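Shown next: start-v8.cif, containing mmCIF, C-alpha atoms and all ligand atoms; chains and numbers go by the auth columns.
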```cif
data_run
#
loop_
_atom_site.group_PDB
_atom_site.id
_atom_site.type_symbol
_atom_site.label_atom_id
_atom_site.label_comp_id
_atom_site.label_asym_id
_atom_site.label_seq_id
_atom_site.Cartn_x
_atom_site.Cartn_y
_atom_site.Cartn_z
_atom_site.B_iso_or_equiv
_atom_site.auth_seq_id
_atom_site.auth_asym_id
ATOM 1 C CA MET A 1 -10.808 13.263 -5.481 0.00 1 A
ATOM 2 C CA SER A 2 -12.462 10.355 -7.207 0.00 2 A
ATOM 3 C CA GLU A 3 -11.143 8.095 -9.893 0.00 3 A
ATOM 4 C CA THR A 4 -11.711 9.565 -13.281 0.00 4 A
ATOM 5 C CA GLY A 5 -13.753 7.323 -15.527 0.00 5 A
ATOM 6 C CA GLY A 6 -13.268 7.223 -19.256 0.00 6 A
ATOM 7 C CA GLY A 7 -14.711 4.691 -21.613 0.00 7 A
ATOM 8 C CA GLY A 8 -13.226 1.491 -22.858 0.00 8 A
ATOM 9 C CA SER A 9 -11.684 -1.394 -21.090 0.00 9 A
ATOM 10 C CA ARG A 10 -9.581 -0.530 -18.058 0.00 10 A
ATOM 11 C CA GLY A 11 -7.086 -2.428 -15.968 0.00 11 A
ATOM 12 C CA ARG A 12 -8.154 -3.494 -12.519 0.00 12 A
ATOM 13 C CA LEU A 13 -7.182 -1.871 -9.252 0.00 13 A
ATOM 14 C CA ILE A 14 -5.816 -4.107 -6.493 0.00 14 A
ATOM 15 C CA VAL A 15 -5.344 -2.526 -3.065 0.00 15 A
ATOM 16 C CA LEU A 16 -3.015 -4.228 -0.604 0.00 16 A
ATOM 17 C CA SER A 17 -2.950 -2.941 2.964 0.00 17 A
ATOM 18 C CA GLY A 18 -1.560 -4.241 6.187 0.00 18 A
ATOM 19 C CA PRO A 19 0.244 -2.952 9.245 0.00 19 A
ATOM 20 C CA SER A 20 3.833 -1.829 9.246 0.00 20 A
ATOM 21 C CA GLY A 21 6.185 -4.793 9.648 0.00 21 A
ATOM 22 C CA VAL A 22 3.730 -7.368 8.264 0.00 22 A
ATOM 23 C CA GLY A 23 6.020 -7.896 5.273 0.00 23 A
ATOM 24 C CA LYS A 24 4.128 -6.122 2.478 0.00 24 A
ATOM 25 C CA ASP A 25 7.259 -5.253 0.483 0.00 25 A
ATOM 26 C CA THR A 26 8.639 -8.802 0.628 0.00 26 A
ATOM 27 C CA VAL A 27 5.303 -10.335 -0.326 0.00 27 A
ATOM 28 C CA ILE A 28 4.873 -7.826 -3.166 0.00 28 A
ATOM 29 C CA ARG A 29 8.321 -8.656 -4.554 0.00 29 A
ATOM 30 C CA ARG A 30 7.352 -12.343 -4.651 0.00 30 A
ATOM 31 C CA LEU A 31 3.860 -11.562 -5.967 0.00 31 A
ATOM 32 C CA LEU A 32 5.351 -9.690 -8.922 0.00 32 A
ATOM 33 C CA GLU A 33 7.212 -12.862 -9.871 0.00 33 A
ATOM 34 C CA PHE A 34 3.903 -14.756 -9.964 0.00 34 A
ATOM 35 C CA ALA A 35 1.975 -11.891 -11.553 0.00 35 A
ATOM 36 C CA PRO A 36 4.480 -9.858 -13.588 0.00 36 A
ATOM 37 C CA GLU A 37 1.670 -8.082 -15.437 0.00 37 A
ATOM 38 C CA LEU A 38 0.840 -6.046 -12.304 0.00 38 A
ATOM 39 C CA ARG A 39 2.020 -2.439 -12.334 0.00 39 A
ATOM 40 C CA ARG A 40 2.810 -0.292 -9.284 0.00 40 A
ATOM 41 C CA PRO A 41 2.541 3.474 -9.576 0.00 41 A
ATOM 42 C CA VAL A 42 5.226 5.170 -7.488 0.00 42 A
ATOM 43 C CA ALA A 43 3.599 6.916 -4.509 0.00 43 A
ATOM 44 C CA PHE A 44 4.522 10.290 -3.047 0.00 44 A
ATOM 45 C CA THR A 45 5.730 10.695 0.517 0.00 45 A
ATOM 46 C CA THR A 46 7.140 13.377 2.773 0.00 46 A
ATOM 47 C CA ARG A 47 9.202 10.912 4.816 0.00 47 A
ATOM 48 C CA LEU A 48 12.950 10.707 4.263 0.00 48 A
ATOM 49 C CA PRO A 49 14.402 7.903 2.124 0.00 49 A
ATOM 50 C CA ARG A 50 15.711 4.883 4.049 0.00 50 A
ATOM 51 C CA PRO A 51 19.156 3.557 3.190 0.00 51 A
ATOM 52 C CA GLY A 52 19.020 1.950 -0.243 0.00 52 A
ATOM 53 C CA GLU A 53 15.771 3.649 -1.292 0.00 53 A
ATOM 54 C CA GLN A 54 15.763 5.648 -4.504 0.00 54 A
ATOM 55 C CA ASP A 55 13.692 8.683 -5.419 0.00 55 A
ATOM 56 C CA GLY A 56 11.328 7.856 -8.278 0.00 56 A
ATOM 57 C CA ARG A 57 11.702 4.113 -7.773 0.00 57 A
ATOM 58 C CA ASP A 58 10.619 3.414 -4.189 0.00 58 A
ATOM 59 C CA TYR A 59 8.737 6.681 -3.706 0.00 59 A
ATOM 60 C CA SER A 60 8.731 10.191 -5.053 0.00 60 A
ATOM 61 C CA PHE A 61 10.179 11.917 -1.996 0.00 61 A
ATOM 62 C CA VAL A 62 8.765 15.443 -1.728 0.00 62 A
ATOM 63 C CA SER A 63 8.650 18.273 0.791 0.00 63 A
ATOM 64 C CA GLU A 64 5.576 18.812 2.937 0.00 64 A
ATOM 65 C CA GLU A 65 4.971 22.079 1.100 0.00 65 A
ATOM 66 C CA LYS A 66 4.938 20.366 -2.282 0.00 66 A
ATOM 67 C CA PHE A 67 2.730 17.530 -0.998 0.00 67 A
ATOM 68 C CA LEU A 68 0.164 19.956 0.430 0.00 68 A
ATOM 69 C CA ALA A 69 0.145 21.969 -2.811 0.00 69 A
ATOM 70 C CA MET A 70 -0.554 18.780 -4.772 0.00 70 A
ATOM 71 C CA THR A 71 -3.333 17.886 -2.324 0.00 71 A
ATOM 72 C CA ARG A 72 -4.953 21.307 -2.775 0.00 72 A
ATOM 73 C CA ALA A 73 -4.719 20.915 -6.540 0.00 73 A
ATOM 74 C CA GLY A 74 -6.678 17.636 -6.291 0.00 74 A
ATOM 75 C CA GLU A 75 -3.837 15.562 -7.698 0.00 75 A
ATOM 76 C CA PHE A 76 -4.213 12.647 -5.287 0.00 76 A
ATOM 77 C CA LEU A 77 -6.590 9.703 -5.554 0.00 77 A
ATOM 78 C CA GLU A 78 -6.067 9.190 -1.830 0.00 78 A
ATOM 79 C CA THR A 79 -3.765 10.506 0.855 0.00 79 A
ATOM 80 C CA ALA A 80 -2.889 9.464 4.369 0.00 80 A
ATOM 81 C CA LEU A 81 -0.888 10.656 7.312 0.00 81 A
ATOM 82 C CA VAL A 82 0.992 7.539 8.393 0.00 82 A
ATOM 83 C CA HIS A 83 3.330 7.563 11.401 0.00 83 A
ATOM 84 C CA GLY A 84 3.530 11.359 11.111 0.00 84 A
ATOM 85 C CA HIS A 85 4.393 11.431 7.376 0.00 85 A
ATOM 86 C CA HIS A 86 2.179 12.151 4.368 0.00 86 A
ATOM 87 C CA TYR A 87 1.671 9.525 1.656 0.00 87 A
ATOM 88 C CA GLY A 88 -0.395 9.801 -1.493 0.00 88 A
ATOM 89 C CA THR A 89 -1.201 8.115 -4.780 0.00 89 A
ATOM 90 C CA ALA A 90 -1.364 10.429 -7.771 0.00 90 A
ATOM 91 C CA CYS A 91 -4.553 10.069 -9.859 0.00 91 A
ATOM 92 C CA SER A 92 -2.598 10.619 -13.056 0.00 92 A
ATOM 93 C CA ARG A 93 -0.215 7.710 -12.395 0.00 93 A
ATOM 94 C CA VAL A 94 -3.069 5.274 -11.691 0.00 94 A
ATOM 95 C CA ASP A 95 -5.282 6.483 -14.527 0.00 95 A
ATOM 96 C CA GLU A 96 -2.537 6.295 -17.084 0.00 96 A
ATOM 97 C CA LEU A 97 -1.817 2.647 -16.218 0.00 97 A
ATOM 98 C CA ARG A 98 -5.462 1.599 -16.034 0.00 98 A
ATOM 99 C CA ARG A 99 -6.281 3.280 -19.332 0.00 99 A
ATOM 100 C CA SER A 100 -3.552 1.270 -20.967 0.00 100 A
ATOM 101 C CA GLU A 101 -5.332 -1.813 -19.537 0.00 101 A
ATOM 102 C CA ARG A 102 -2.675 -2.548 -16.949 0.00 102 A
ATOM 103 C CA ASP A 103 -3.764 -4.063 -13.627 0.00 103 A
ATOM 104 C CA VAL A 104 -2.565 -1.717 -10.910 0.00 104 A
ATOM 105 C CA LEU A 105 -1.352 -2.726 -7.453 0.00 105 A
ATOM 106 C CA LEU A 106 -1.441 -0.121 -4.683 0.00 106 A
ATOM 107 C CA LYS A 107 0.354 -0.644 -1.378 0.00 107 A
ATOM 108 C CA ILE A 108 -1.558 1.772 0.779 0.00 108 A
ATOM 109 C CA ASP A 109 -2.439 2.051 4.447 0.00 109 A
ATOM 110 C CA VAL A 110 -5.949 1.525 5.816 0.00 110 A
ATOM 111 C CA GLN A 111 -6.819 5.261 5.763 0.00 111 A
ATOM 112 C CA GLY A 112 -6.149 5.443 2.029 0.00 112 A
ATOM 113 C CA ALA A 113 -7.979 2.189 1.386 0.00 113 A
ATOM 114 C CA ALA A 114 -11.008 3.489 3.335 0.00 114 A
ATOM 115 C CA GLN A 115 -11.036 6.642 1.164 0.00 115 A
ATOM 116 C CA LEU A 116 -11.129 4.530 -1.984 0.00 116 A
ATOM 117 C CA ARG A 117 -13.946 2.439 -0.558 0.00 117 A
ATOM 118 C CA GLN A 118 -15.919 5.595 0.315 0.00 118 A
ATOM 119 C CA GLN A 119 -15.446 6.824 -3.247 0.00 119 A
ATOM 120 C CA GLY A 120 -17.130 3.630 -4.430 0.00 120 A
ATOM 121 C CA SER A 121 -13.916 2.428 -6.032 0.00 121 A
ATOM 122 C CA ASP A 122 -14.094 -0.768 -8.057 0.00 122 A
ATOM 123 C CA ALA A 123 -10.852 -1.940 -6.406 0.00 123 A
ATOM 124 C CA THR A 124 -10.276 -5.392 -4.944 0.00 124 A
ATOM 125 C CA PHE A 125 -9.280 -4.814 -1.314 0.00 125 A
ATOM 126 C CA ILE A 126 -6.790 -7.264 0.199 0.00 126 A
ATOM 127 C CA PHE A 127 -5.509 -7.084 3.785 0.00 127 A
ATOM 128 C CA LEU A 128 -2.177 -8.713 4.599 0.00 128 A
ATOM 129 C CA ALA A 129 -2.286 -9.863 8.219 0.00 129 A
ATOM 130 C CA PRO A 130 0.451 -11.237 10.496 0.00 130 A
ATOM 131 C CA PRO A 131 0.033 -14.745 11.968 0.00 131 A
ATOM 132 C CA SER A 132 -0.441 -12.985 15.332 0.00 132 A
ATOM 133 C CA GLN A 133 0.019 -9.578 16.951 0.00 133 A
ATOM 134 C CA GLU A 134 3.057 -10.927 18.848 0.00 134 A
ATOM 135 C CA VAL A 135 4.776 -11.963 15.615 0.00 135 A
ATOM 136 C CA LEU A 136 4.129 -8.528 14.157 0.00 136 A
ATOM 137 C CA LEU A 137 5.600 -6.656 17.126 0.00 137 A
ATOM 138 C CA ALA A 138 8.662 -8.924 17.093 0.00 138 A
ATOM 139 C CA ARG A 139 9.190 -8.235 13.361 0.00 139 A
ATOM 140 C CA LEU A 140 8.818 -4.488 13.836 0.00 140 A
ATOM 141 C CA THR A 141 11.423 -4.475 16.595 0.00 141 A
ATOM 142 C CA ALA A 142 13.844 -6.662 14.621 0.00 142 A
ATOM 143 C CA ARG A 143 13.787 -4.380 11.584 0.00 143 A
ATOM 144 C CA HIS A 144 16.005 -1.703 13.212 0.00 144 A
ATOM 145 C CA THR A 145 15.149 0.811 10.489 0.00 145 A
ATOM 146 C CA GLU A 146 13.222 3.069 12.842 0.00 146 A
ATOM 147 C CA SER A 147 14.242 5.170 15.820 0.00 147 A
ATOM 148 C CA PRO A 148 12.702 4.168 19.192 0.00 148 A
ATOM 149 C CA ARG A 149 10.167 6.978 18.799 0.00 149 A
ATOM 150 C CA GLU A 150 9.196 5.863 15.278 0.00 150 A
ATOM 151 C CA LEU A 151 8.944 2.290 16.524 0.00 151 A
ATOM 152 C CA ALA A 152 6.555 3.275 19.319 0.00 152 A
ATOM 153 C CA ILE A 153 4.355 5.154 16.823 0.00 153 A
ATOM 154 C CA ARG A 154 4.373 2.235 14.382 0.00 154 A
ATOM 155 C CA THR A 155 3.476 -0.241 17.131 0.00 155 A
ATOM 156 C CA ARG A 156 0.479 1.854 18.184 0.00 156 A
ATOM 157 C CA ASP A 157 -0.622 2.314 14.555 0.00 157 A
ATOM 158 C CA ALA A 158 -0.182 -1.408 13.795 0.00 158 A
ATOM 159 C CA LYS A 159 -2.692 -2.312 16.500 0.00 159 A
ATOM 160 C CA ARG A 160 -5.200 0.178 15.069 0.00 160 A
ATOM 161 C CA GLU A 161 -4.664 -1.099 11.523 0.00 161 A
ATOM 162 C CA LEU A 162 -5.240 -4.726 12.520 0.00 162 A
ATOM 163 C CA ALA A 163 -8.684 -3.747 13.751 0.00 163 A
ATOM 164 C CA GLU A 164 -9.644 -2.674 10.184 0.00 164 A
ATOM 165 C CA ALA A 165 -9.124 -6.038 8.479 0.00 165 A
ATOM 166 C CA GLY A 166 -12.825 -6.934 8.711 0.00 166 A
ATOM 167 C CA TRP A 167 -14.150 -4.871 5.808 0.00 167 A
ATOM 168 C CA TYR A 168 -11.599 -5.987 3.204 0.00 168 A
ATOM 169 C CA HIS A 169 -12.715 -8.391 0.470 0.00 169 A
ATOM 170 C CA HIS A 170 -9.868 -10.760 1.334 0.00 170 A
ATOM 171 C CA VAL A 171 -7.591 -11.268 4.363 0.00 171 A
ATOM 172 C CA VAL A 172 -4.341 -13.086 3.591 0.00 172 A
ATOM 173 C CA VAL A 173 -2.140 -14.251 6.469 0.00 173 A
ATOM 174 C CA ASN A 174 1.579 -13.765 5.874 0.00 174 A
ATOM 175 C CA ASP A 175 2.691 -16.976 7.566 0.00 175 A
ATOM 176 C CA ARG A 176 5.097 -17.777 4.720 0.00 176 A
ATOM 177 C CA VAL A 177 6.013 -15.266 2.040 0.00 177 A
ATOM 178 C CA ASP A 178 5.714 -17.715 -0.826 0.00 178 A
ATOM 179 C CA ARG A 179 2.337 -19.020 0.250 0.00 179 A
ATOM 180 C CA ALA A 180 0.903 -15.567 0.925 0.00 180 A
ATOM 181 C CA ALA A 181 2.162 -14.215 -2.423 0.00 181 A
ATOM 182 C CA ARG A 182 0.668 -17.205 -4.242 0.00 182 A
ATOM 183 C CA GLU A 183 -2.688 -16.728 -2.503 0.00 183 A
ATOM 184 C CA ILE A 184 -2.758 -13.070 -3.549 0.00 184 A
ATOM 185 C CA ALA A 185 -1.828 -14.000 -7.129 0.00 185 A
ATOM 186 C CA GLU A 186 -4.752 -16.436 -7.164 0.00 186 A
ATOM 187 C CA ILE A 187 -7.132 -13.779 -5.837 0.00 187 A
ATOM 188 C CA VAL A 188 -5.932 -11.371 -8.527 0.00 188 A
ATOM 189 C CA ALA A 189 -6.409 -14.024 -11.197 0.00 189 A
ATOM 190 C CA ARG A 190 -9.943 -15.018 -10.229 0.00 190 A
ATOM 191 C CA ASP A 191 -11.491 -11.905 -8.633 0.00 191 A
ATOM 192 C CA PRO A 192 -14.214 -10.660 -10.975 0.00 192 A
ATOM 193 C CA ARG A 193 -14.185 -7.004 -9.774 0.00 193 A
HETATM 194 P P1 LIG B . 6.738 2.881 4.542 0.00 201 A
HETATM 195 O O1 LIG B . 7.123 4.244 5.017 0.00 201 A
HETATM 196 O O2 LIG B . 7.129 1.824 5.529 0.00 201 A
HETATM 197 O O3 LIG B . 7.183 2.593 3.145 0.00 201 A
HETATM 198 O O4 LIG B . 5.156 2.849 4.483 0.00 201 A
HETATM 199 C C1 LIG B . 4.438 3.135 5.629 0.00 201 A
HETATM 200 C C2 LIG B . 2.978 2.918 5.368 0.00 201 A
HETATM 201 O O5 LIG B . 2.518 3.843 4.386 0.00 201 A
HETATM 202 C C3 LIG B . 2.636 1.537 4.852 0.00 201 A
HETATM 203 O O6 LIG B . 1.526 1.037 5.608 0.00 201 A
HETATM 204 C C4 LIG B . 2.242 1.777 3.427 0.00 201 A
HETATM 205 O O7 LIG B . 1.249 0.868 3.023 0.00 201 A
HETATM 206 C C5 LIG B . 1.689 3.180 3.480 0.00 201 A
HETATM 207 N N1 LIG B . 1.741 3.826 2.187 0.00 201 A
HETATM 208 C C6 LIG B . 2.747 3.840 1.281 0.00 201 A
HETATM 209 N N2 LIG B . 2.399 4.531 0.201 0.00 201 A
HETATM 210 C C7 LIG B . 1.136 4.968 0.406 0.00 201 A
HETATM 211 C C8 LIG B . 0.209 5.731 -0.367 0.00 201 A
HETATM 212 O O8 LIG B . 0.447 6.167 -1.469 0.00 201 A
HETATM 213 N N3 LIG B . -1.000 5.965 0.223 0.00 201 A
HETATM 214 C C9 LIG B . -1.324 5.504 1.439 0.00 201 A
HETATM 215 N N4 LIG B . -2.550 5.771 1.907 0.00 201 A
HETATM 216 N N5 LIG B . -0.491 4.791 2.184 0.00 201 A
HETATM 217 C C10 LIG B . 0.722 4.518 1.682 0.00 201 A
#
```
Could you quickly redo this structure as structure tokens?
Ligand code: 5GP
Amino acid sequence: MSETGGGGSRGRLIVLSGPSGVGKDTVIRRLLEFAPELRRPVAFTTRLPRPGEQDGRDYSFVSEEKFLAMTRAGEFLETALVHGHHYGTACSRVDELRRSERDVLLKIDVQGAAQLRQQGSDATFIFLAPPSQEVLLARLTARHTESPRELAIRTRDAKRELAEAGWYHHVVVNDRVDRAAREIAEIVARDPR
């Protein structure tokens, strides 16, 4: 499913990817303080909510059946199977924001980002990288939000995701949250795409 066009001026699309545990959520929280004009459409997922997560705020949590029906109906701009769970961005949520000239930030994994690139998306692709693979694995283990099985899957996937950084327009190293968020805000401010 490709992005639907439509005339007139549209907000920009900023894609932020990076392996599990790299600190995307923390950096995004800080980034939104520097760039409060950015809007984040709520994504759909079939994974269960973590403690503290709210349906409709953090994700729209849906059954696998519902997710697959939406996929068949062409409702997703991109989808991915991440760590055994489906994730997807609804076209309607992105289009609505961009048509109202809002800049849209998507936190999506590398599979979803690659789909957008293949569609010829006009997005700015930013990869958030850890200072090193060792730091990433230590952060993943310290998080304690995943079962040992989930952790093993995420560790394997993190290594695969790191290998994808090369094709992104920008790679930002999350050495310090504040610095990384500021660098992304600067990219957003000056990127002509
Ligand atoms: P988490 O379950 O930890 O919130 O997210 C796991 C992974 O799924 C992260 O790498 C995140 O970027 C990715 N993800 C979250 N929402 C979407 C989405 O809508 N599409 C895609 N492709 N990936 C997503």
For this session: Calculate how many Å separate CA of Ala152 (chain A) from atom C9 of ligand LIG 201 (chain A), rounding to one decimal.
Result: 19.7 Å
For this session: Identify, counting all atoms listed in the file, the protein, DNA and RNA residues located within 8 Å of ligand LIG 201 (chain A), and give them as a ChimeraX atom specification.
Result: /A:16-21,24,42-45,47,59,78-83,87-90,106-113
Exercise. Near Arg99 (chain A), within 7 Å and counting all atoms listed in the file, which residues show up once chain neighbours fewer than 2 positions away are dropped, as a list in words?
Worked result: Arg10, Gly11, Asp95, Glu96, Leu97 and Glu101 of chain A
Save the residues we just selected, C-alpha atoms, as an mmCIF file, in the frame of the given file?
```
data_model
loop_
_atom_site.group_PDB
_atom_site.id
_atom_site.type_symbol
_atom_site.label_atom_id
_atom_site.label_comp_id
_atom_site.auth_asym_id
_atom_site.auth_seq_id
_atom_site.Cartn_x
_atom_site.Cartn_y
_atom_site.Cartn_z
ATOM 1 C CA ARG A 10 -9.581 -0.530 -18.058
ATOM 2 C CA GLY A 11 -7.086 -2.428 -15.968
ATOM 3 C CA ASP A 95 -5.282 6.483 -14.527
ATOM 4 C CA GLU A 96 -2.537 6.295 -17.084
ATOM 5 C CA LEU A 97 -1.817 2.647 -16.218
ATOM 6 C CA GLU A 101 -5.332 -1.813 -19.537
#
```
For this session: Mind giving me the straight-line distance from CA of Ser147 (chain A) to CA of Thr26 (chain A) in Å, one decimal?
Result: 21.4 Å
For this session: For the file shown, report as a PyMOL selection string the outcome of the PyMOL selection byres (((chain A and resi 39) around 9) and not hetatm) at residue level.
Result: chain A and resi 32+36-38+40-41+97+102-106
Exercise. The PyMOL selection byres (((chain A and resi 118-121) around 10) and not hetatm) on the file shown: which residues, as a PyMOL selection string?
Worked result: chain A and resi 1-3+13+77-78+112-117+122-125
Exercise. Using the chain letters and numbers from the file, which residues does the PyMOL selection byres (((chain A and resi 31) around 9) and not hetatm) grab, as a PyMOL selection string?
Worked result: chain A and resi 26-30+32-36+38+178+180-182+184-185
Exercise. What residues have an atom no more than 10 Å from (13.2, 11.2, 4.4) in the file's own frame, counting all atoms listed in the file, and can you write them as a list of chain:residue names?
Worked result: A:Thr45, A:Thr46, A:Arg47, A:Leu48, A:Pro49, A:Arg50, A:Pro51, A:Glu53, A:Phe61, A:Val62, A:Ser63, A:His85
Selected residues written out, C-alpha atoms, as a PDB file, in the coordinates of the input:
```pdb
ATOM      1  CA  THR A  45       5.730  10.695   0.517  1.00  0.00           C
ATOM      2  CA  THR A  46       7.140  13.377   2.773  1.00  0.00           C
ATOM      3  CA  ARG A  47       9.202  10.912   4.816  1.00  0.00           C
ATOM      4  CA  LEU A  48      12.950  10.707   4.263  1.00  0.00           C
ATOM      5  CA  PRO A  49      14.402   7.903   2.124  1.00  0.00           C
ATOM      6  CA  ARG A  50      15.711   4.883   4.049  1.00  0.00           C
ATOM      7  CA  PRO A  51      19.156   3.557   3.190  1.00  0.00           C
ATOM      8  CA  GLU A  53      15.771   3.649  -1.292  1.00  0.00           C
ATOM      9  CA  PHE A  61      10.179  11.917  -1.996  1.00  0.00           C
ATOM     10  CA  VAL A  62       8.765  15.443  -1.728  1.00  0.00           C
ATOM     11  CA  SER A  63       8.650  18.273   0.791  1.00  0.00           C
ATOM     12  CA  HIS A  85       4.393  11.431   7.376  1.00  0.00           C
TER      13      HIS A  85
END
```
Exercise. CA of Gln133 (chain A) and CA of Ala165 (chain A), how far apart in Å?
Worked result: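 Separating CA of Ala165 (chain A) from CA of Gln133 (chain A) is a distance of 13.0 Å.
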Problem set entry | From A:Arg93, A:Arg98, A:Arg193, A:Lys159, residue lying nearest Ala129 (chain A) [all atoms listed in the file] |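 Residue with the minimum atom-to-atom distance to Ala129 (chain A): A:Lys159.
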For this session: Give the answer as one residue: which of A:Arg72, A:Gly52, A:Glu150, A:Val15 has the shortest atom-to-atom distance to His170 (chain A), using only C-alpha atoms?
Result: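 Of A:Arg72, A:Gly52, A:Glu150, A:Val15, the one nearest His170 (chain A), counting only C-alpha atoms, is A:Val15.
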For this session: Would you mind telling me which residue in A:Ile14, A:Phe76, A:Glu134, A:Arg149 lies nearest to His169 (chain A) when using all atoms listed in the file?
Result: A:Ile14
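Closest approach to Asn174 (chain A) among A:Leu151, A:Phe127, A:Ser60, A:Gln54 is made by A:Phe127 (distances from only C-alpha atoms).
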Please, can region 75-81 of chain A be completed to all heavy atoms and returned as a tab-separated table (two decimals), keeping the file's coordinate frame?
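Writing the result to rebuild-v8.tsv gives the following:
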```tsv
chain	number	residue	atom	x	y	z
A	75	GLU	N	-4.63	16.51	-6.89
A	75	GLU	CA	-3.84	15.56	-7.70
A	75	GLU	C	-3.81	14.15	-7.14
A	75	GLU	O	-3.32	13.24	-7.80
A	75	GLU	CB	-2.40	16.09	-7.86
A	75	GLU	CG	-2.34	17.34	-8.73
A	75	GLU	CD	-0.92	17.83	-8.94
A	75	GLU	OE1	-0.01	17.00	-9.01
A	75	GLU	OE2	-0.75	19.06	-9.01
A	76	PHE	N	-4.32	13.98	-5.89
A	76	PHE	CA	-4.21	12.65	-5.29
A	76	PHE	C	-5.54	11.89	-5.32
A	76	PHE	O	-6.60	12.45	-5.04
A	76	PHE	CB	-3.73	12.75	-3.84
A	76	PHE	CG	-2.29	13.15	-3.71
A	76	PHE	CD1	-1.93	14.31	-3.04
A	76	PHE	CD2	-1.28	12.36	-4.26
A	76	PHE	CE1	-0.59	14.68	-2.91
A	76	PHE	CE2	0.06	12.72	-4.14
A	76	PHE	CZ	0.40	13.88	-3.46
A	77	LEU	N	-5.45	10.62	-5.63
A	77	LEU	CA	-6.59	9.70	-5.55
A	77	LEU	C	-6.93	9.46	-4.09
A	77	LEU	O	-8.08	9.34	-3.69
A	77	LEU	CB	-6.17	8.40	-6.23
A	77	LEU	CG	-7.15	7.25	-6.33
A	77	LEU	CD1	-8.41	7.68	-7.07
A	77	LEU	CD2	-6.50	6.08	-7.06
A	78	GLU	N	-5.91	9.36	-3.28
A	78	GLU	CA	-6.07	9.19	-1.83
A	78	GLU	C	-4.79	9.67	-1.17
A	78	GLU	O	-3.73	9.65	-1.78
A	78	GLU	CB	-6.36	7.72	-1.48
A	78	GLU	CG	-5.30	6.72	-1.94
A	78	GLU	CD	-4.08	6.70	-1.06
A	78	GLU	OE1	-4.24	6.83	0.16
A	78	GLU	OE2	-2.95	6.56	-1.58
A	79	THR	N	-4.95	10.11	0.08
A	79	THR	CA	-3.76	10.51	0.86
A	79	THR	C	-3.92	9.96	2.27
A	79	THR	O	-5.03	9.63	2.70
A	79	THR	CB	-3.63	12.04	0.99
A	79	THR	OG1	-4.80	12.53	1.64
A	79	THR	CG2	-3.44	12.71	-0.36
A	80	ALA	N	-2.81	9.88	2.98
A	80	ALA	CA	-2.89	9.46	4.37
A	80	ALA	C	-1.72	10.05	5.13
A	80	ALA	O	-0.67	10.32	4.55
A	80	ALA	CB	-2.86	7.94	4.46
A	81	LEU	N	-1.96	10.27	6.42
A	81	LEU	CA	-0.89	10.66	7.31
A	81	LEU	C	-0.55	9.39	8.08
A	81	LEU	O	-1.36	8.91	8.88
A	81	LEU	CB	-1.39	11.77	8.24
A	81	LEU	CG	-0.37	12.47	9.09
A	81	LEU	CD1	0.69	13.17	8.24
A	81	LEU	CD2	-1.05	13.50	10.00
```
